[in-house]
Every structure is written in structure tokens, then in C-alpha cells.
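A.B. asks: Structure incoming, see below.
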Amino acid sequence: VIVPEVENHFFSQVISGVESIARQNNYHVLIYLTHEDPVKEIEFVQLLGNGRADGLLISVTHNGNGYAHLDQLVAANYPLVLFDRLVNELEVPKVSTNNEVISYEATRLLMERGAERIAFLGLNPDLYIIRTRLAGYQKALQESRPGAESMVFSGTGRMDEDITRLKDFITIHQPDAFLGASESMALLLYEISRQQGQTFPENYQLISFTNLAAARFLNPSLASIVQPAFEIGKEAAELLFKVIKKKKIYPVEESPTLPSVLLEGDSIRAFRP
């Protein structure tokens, strides 16, 4: 299994799902972390493709030079399944969630709760999951308010730098609500609010993707989009074992999309009929 990180609770839960299926099949799981470094990803893929593992599950890091290393595995008929961070051009099984749909629903919920200026807090805009989440946000915005400004912040993953940049972004754009594409962005906003004496949901409303179990214990509790991470891991592993054992994958099984869940919290305003 190749993942960008395990600090994100999503990936640790995915790995647990993978391991549950691997044990049933009497396999061991090897875990490799790229730390968002495309060079490491290439090295790991080449290592594993040379026989160190019988198959590969991968959530890719962004690579501006493309994914020729994965193309080579596909050409060699090496068992490969993508999950979460996908490369759509690759004709291999993929497991994902309804990122665009749930982002659309979350943005609409913020509007229903009185938000006027909603900003999107993302990461690298070239990542598939960020593009799809952004698409849902923009669709909701344009349907309800044609011509409304899309306010998009792209984090770097470097905390101190992102805090400074996000403070400047808020000063310039004056948003009153946020859709967070990752829990790291949501937690940065909590810290900025603490530093500036702002409060949720009085000054800002916030909904964010997160698989952080403690999200309901934050002050205030975080309105969360929770992905079925454990189930994604299980589904991806089951697909991989079908490829390993049958040496083929049926089209209907290629790209399951599992639904995420939107859980309300005190970081958004209560519904007032």
C-alpha cells in the first residue's frame, strides 16, 4: 500500500480496512509513505513492481510529470488498484467517494444557514480529489448565485506558511463561511480564529472533510464530511485480490463510488424554520 501520509486519519482507517481483507487471504501488508514526494512514489512503485509484492494499492501524490511509472505497471499486467487520489486516465480498478456530490450538498447547507460569502479551503489544485470537491462547491455557488465570486485558497501543507497566507486571504476576501477540503485546513482555521478572537458560527461557519474521531470534541464541534475510509480500504483490497487471483477484473466492478456522510456540528448555525 502506497499512501502520501498516515497523520491524516483517513489513510490510517483505509489501511485498517486493507489489513482486514489481507488477513482473510493470508497476506501481509507492506506500507510505504511518500510524504507527498513524487520521486519516492516512483522509487516505491519500481521496487514493488520488481516482485517485492503481489499487487499494489495506491493513493497517488501529485506529479507534474505524469504517471509513467504506473503506466508501466499496467502495461506489464501488474495487479494495481487506485483509491481516493485517482488518475482517471489509467484503465485499472478505482475506489472513490462521492466528492463532488457531497461538496455540493455541504455548500448548499452553508447557504441555507445564512452564509453569503463562502470560501473553499483546498490543497494542491491538481489533485483529483481537490478538483472534484472544488467542482461541487462551484456548482452549488453558480446554481444559487450566478456570477458569484469563487474564493479558493490552496494550502501548501506547510503549517506556518499556510497560517500566514490564510490570514491574508481572509483579510482580502472577507468570507463568512468555509468549505474545507481537508481536516488540516479546518484545523488551521480553528487556530486563526483563536488567535484573532473570532468564534464559530458567529463570525465564521465551517464544514470540512475529516475522518478525525475527535471532531465532535473540538470547541465548537466541527460540522464534518466523513468518508467511509475503512470500507474504501476493504473494497480496494477485495478488488485487488480478485485481480491477483483471477488475473482479470469485470467492468461492473472497476470503479465503485462509496457515499460520504455529512454530520452537522456547532461550527455552523442551527436551522431556523
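Chain lettering (A, B, ...) mirrors the order of the C-alpha cells, residue numbering begins at 1 for each chain separately, and ligand numbering begins at 1 in order of display.
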Residues at most 12 Å from Val226 (chain A), counting only C-alpha atoms, excluding those fewer than 3 positions away in the same chain, as number ranges by chain?
C.D. replies: A: 9-10, 13, 97-99, 102-103, 106, 181-183, 207-213, 215-216, 222-223, 229-231, 258-264
A.B. asks: Quick check for you: according to DSSP on this backbone, which residues of region 1-189 of chain A are classed as alpha helix (DSSP H)? Reply as a PyMOL selection string.
C.D. replies: chain A and resi 9-24+38-47+68-75+99-112+128-144+159-173+183-189
A.B. asks: Which one of A:Leu33, A:Val6, A:Leu127, A:Leu56 sits closest to Leu239 (chain A) if you count only C-alpha atoms?
C.D. replies: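 Among A:Leu33, A:Val6, A:Leu127, A:Leu56, it is A:Leu56 that comes nearest to Leu239 (chain A).
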A.B. asks: Identify, on the basis of only C-alpha atoms, every residue whose closest approach to Arg269 (chain A) does not exceed 7 Å; exclude the query and any residue fewer than 3 positions from it along the same chain; express the result as an NGL selection string.
C.D. replies: :A and (113 or 201 or 266)
A.B. asks: Would you put the residues from that selection into a file with N, CA and C atoms, as an mmCIF file, in the first residue's frame?
C.D. replies:
data_model
loop_
_atom_site.group_PDB
_atom_site.id
_atom_site.type_symbol
_atom_site.label_atom_id
_atom_site.label_comp_id
_atom_site.auth_asym_id
_atom_site.auth_seq_id
_atom_site.Cartn_x
_atom_site.Cartn_y
_atom_site.Cartn_z
ATOM 1 N N ARG A 113 -27.959 28.027 5.851
ATOM 2 C CA ARG A 113 -27.746 28.540 7.203
ATOM 3 C C ARG A 113 -27.310 29.999 7.203
ATOM 4 N N PRO A 201 -20.249 29.693 15.366
ATOM 5 C CA PRO A 201 -20.506 30.116 13.993
ATOM 6 C C PRO A 201 -20.824 31.605 13.876
ATOM 7 N N ASP A 266 -21.499 22.208 15.700
ATOM 8 C CA ASP A 266 -21.742 23.574 16.166
ATOM 9 C C ASP A 266 -20.912 24.621 15.427
#
A.B. asks: Please list as a PyMOL selection string every residue within 10 Å of Ile58 (chain A), counting only C-alpha atoms and excluding residues in the same chain fewer than 6 positions away.
C.D. replies: chain A and resi 1-4+32+41+45+70+80-86+94+236
A.B. asks: Show which residues sit within 6 Å of Tyr137 (chain A), as a PyMOL selection string. Count only C-alpha atoms, and ignore same-chain residues fewer than 2 positions away.
C.D. replies: chain A and resi 103-104+107+134-135+139-140
A.B. asks: Would you mind exporting the chosen residues as a PDB file, in the first residue's frame, restricted to N, CA, C and O atoms?
C.D. replies:
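Okay, out-v4.pdb is ready:
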ATOM      1  N   SER A 103     -19.701  17.679  -1.633  1.00  0.00           N
ATOM      2  CA  SER A 103     -19.244  19.067  -1.546  1.00  0.00           C
ATOM      3  C   SER A 103     -20.352  20.022  -1.967  1.00  0.00           C
ATOM      4  O   SER A 103     -20.531  21.091  -1.364  1.00  0.00           O
ATOM      5  N   TYR A 104     -21.087  19.638  -2.990  1.00  0.00           N
ATOM      6  CA  TYR A 104     -22.245  20.421  -3.432  1.00  0.00           C
ATOM      7  C   TYR A 104     -23.260  20.532  -2.288  1.00  0.00           C
ATOM      8  O   TYR A 104     -23.749  21.623  -1.974  1.00  0.00           O
ATOM      9  N   THR A 107     -22.011  22.804   0.544  1.00  0.00           N
ATOM     10  CA  THR A 107     -22.063  24.225   0.175  1.00  0.00           C
ATOM     11  C   THR A 107     -23.499  24.736   0.232  1.00  0.00           C
ATOM     12  O   THR A 107     -23.759  25.837   0.736  1.00  0.00           O
ATOM     13  N   LEU A 134     -13.771  20.819  -5.332  1.00  0.00           N
ATOM     14  CA  LEU A 134     -13.928  22.195  -5.799  1.00  0.00           C
ATOM     15  C   LEU A 134     -15.083  22.300  -6.797  1.00  0.00           C
ATOM     16  O   LEU A 134     -15.857  23.267  -6.772  1.00  0.00           O
ATOM     17  N   ALA A 135     -15.220  21.298  -7.660  1.00  0.00           N
ATOM     18  CA  ALA A 135     -16.292  21.317  -8.661  1.00  0.00           C
ATOM     19  C   ALA A 135     -17.663  21.327  -7.991  1.00  0.00           C
ATOM     20  O   ALA A 135     -18.583  22.026  -8.440  1.00  0.00           O
ATOM     21  N   LYS A 139     -20.299  24.378  -8.377  1.00  0.00           N
ATOM     22  CA  LYS A 139     -21.615  24.095  -8.939  1.00  0.00           C
ATOM     23  C   LYS A 139     -22.715  24.669  -8.051  1.00  0.00           C
ATOM     24  O   LYS A 139     -23.651  25.317  -8.532  1.00  0.00           O
ATOM     25  N   ALA A 140     -22.610  24.434  -6.747  1.00  0.00           N
ATOM     26  CA  ALA A 140     -23.616  24.958  -5.815  1.00  0.00           C
ATOM     27  C   ALA A 140     -23.637  26.478  -5.837  1.00  0.00           C
ATOM     28  O   ALA A 140     -24.706  27.104  -5.812  1.00  0.00           O
TER      29      ALA A 140
END
A.B. asks: Which residues in region 72-102 of chain A does DSSP call strand (DSSP E or B)? List them as a PyMOL selection string.
C.D. replies: chain A and resi 80-83+94-97
A.B. asks: Keeping only C-alpha atoms, write those residues as a CSV table (one decimal), in the first residue's frame.
C.D. replies:
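Writing done, so here's selection_37.csv:
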chain,number,residue,atom,x,y,z
A,80,LEU,CA,-3.0,-2.4,-9.4
A,81,VAL,CA,-5.9,-0.6,-7.7
A,82,LEU,CA,-6.2,3.1,-7.1
A,83,PHE,CA,-8.1,4.6,-4.3
A,94,LYS,CA,-10.5,2.6,-8.7
A,95,VAL,CA,-12.3,3.1,-5.4
A,96,SER,CA,-13.5,6.6,-4.6
A,97,THR,CA,-16.2,8.6,-2.8
A.B. asks: Considering only C-alpha atoms, state which residue in the set A:Glu254, A:Asp54, A:Glu116, A:Asp71 is at the smallest distance from Glu149 (chain A).
C.D. replies: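 Comparing A:Glu254, A:Asp54, A:Glu116, A:Asp71 against Glu149 (chain A), the winner is A:Glu116.
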A.B. asks: Excluding Ala237 (chain A) and residues on its chain fewer than 2 positions from it, collect all residues at most 10 Å away from it, counting only C-alpha atoms, and give them as a ChimeraX atom specification.
C.D. replies: /A:1,14-15,17-22,55-57,81,83,95,231-235,239-243
A.B. asks: I'd like the neighbourhood of Thr199 (chain A) as JSON, numbers by chain, where a residue qualifies if any of its atoms comes within 9 Å (using only C-alpha atoms), though same-chain residues fewer than 6 positions away should be ignored.
C.D. replies: {"A": [190, 193, 205, 220, 267]}
A.B. asks: Please dump the current selection as an mmCIF file, in the first residue's frame; keep C-alpha atoms.
C.D. replies:
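Final output, saved to out-v5.cif:
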data_model
loop_
_atom_site.group_PDB
_atom_site.id
_atom_site.type_symbol
_atom_site.label_atom_id
_atom_site.label_comp_id
_atom_site.auth_asym_id
_atom_site.auth_seq_id
_atom_site.Cartn_x
_atom_site.Cartn_y
_atom_site.Cartn_z
ATOM 1 C CA TYR A 190 -9.623 26.989 14.216
ATOM 2 C CA SER A 193 -9.929 32.115 14.876
ATOM 3 C CA GLN A 205 -19.264 28.945 9.569
ATOM 4 C CA PRO A 220 -17.113 24.094 18.844
ATOM 5 C CA SER A 267 -19.377 25.169 13.631
#
A.B. asks: Name the closest residue to Ser150 (chain A) among the candidates A:Ala119, A:Ile130, A:Ile172, A:Phe178; distances are taken between atoms, counting only C-alpha atoms.
C.D. replies: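 Of the candidates, the smallest distance to Ser150 (chain A) is held by A:Ala119.
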A.B. asks: How many Å separate CA of Pro175 (chain A) from CA of Asn8 (chain A)?
C.D. replies: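 Answer for the CA of Pro175 (chain A) to CA of Asn8 (chain A) separation: 26.1 Å.
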A.B. asks: Grab the CA of Glu100 (chain A) to CA of Asp126 (chain A) distance for me, in Å with one decimal place.
C.D. replies: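 Separation between CA of Glu100 (chain A) and CA of Asp126 (chain A): 15.1 Å.
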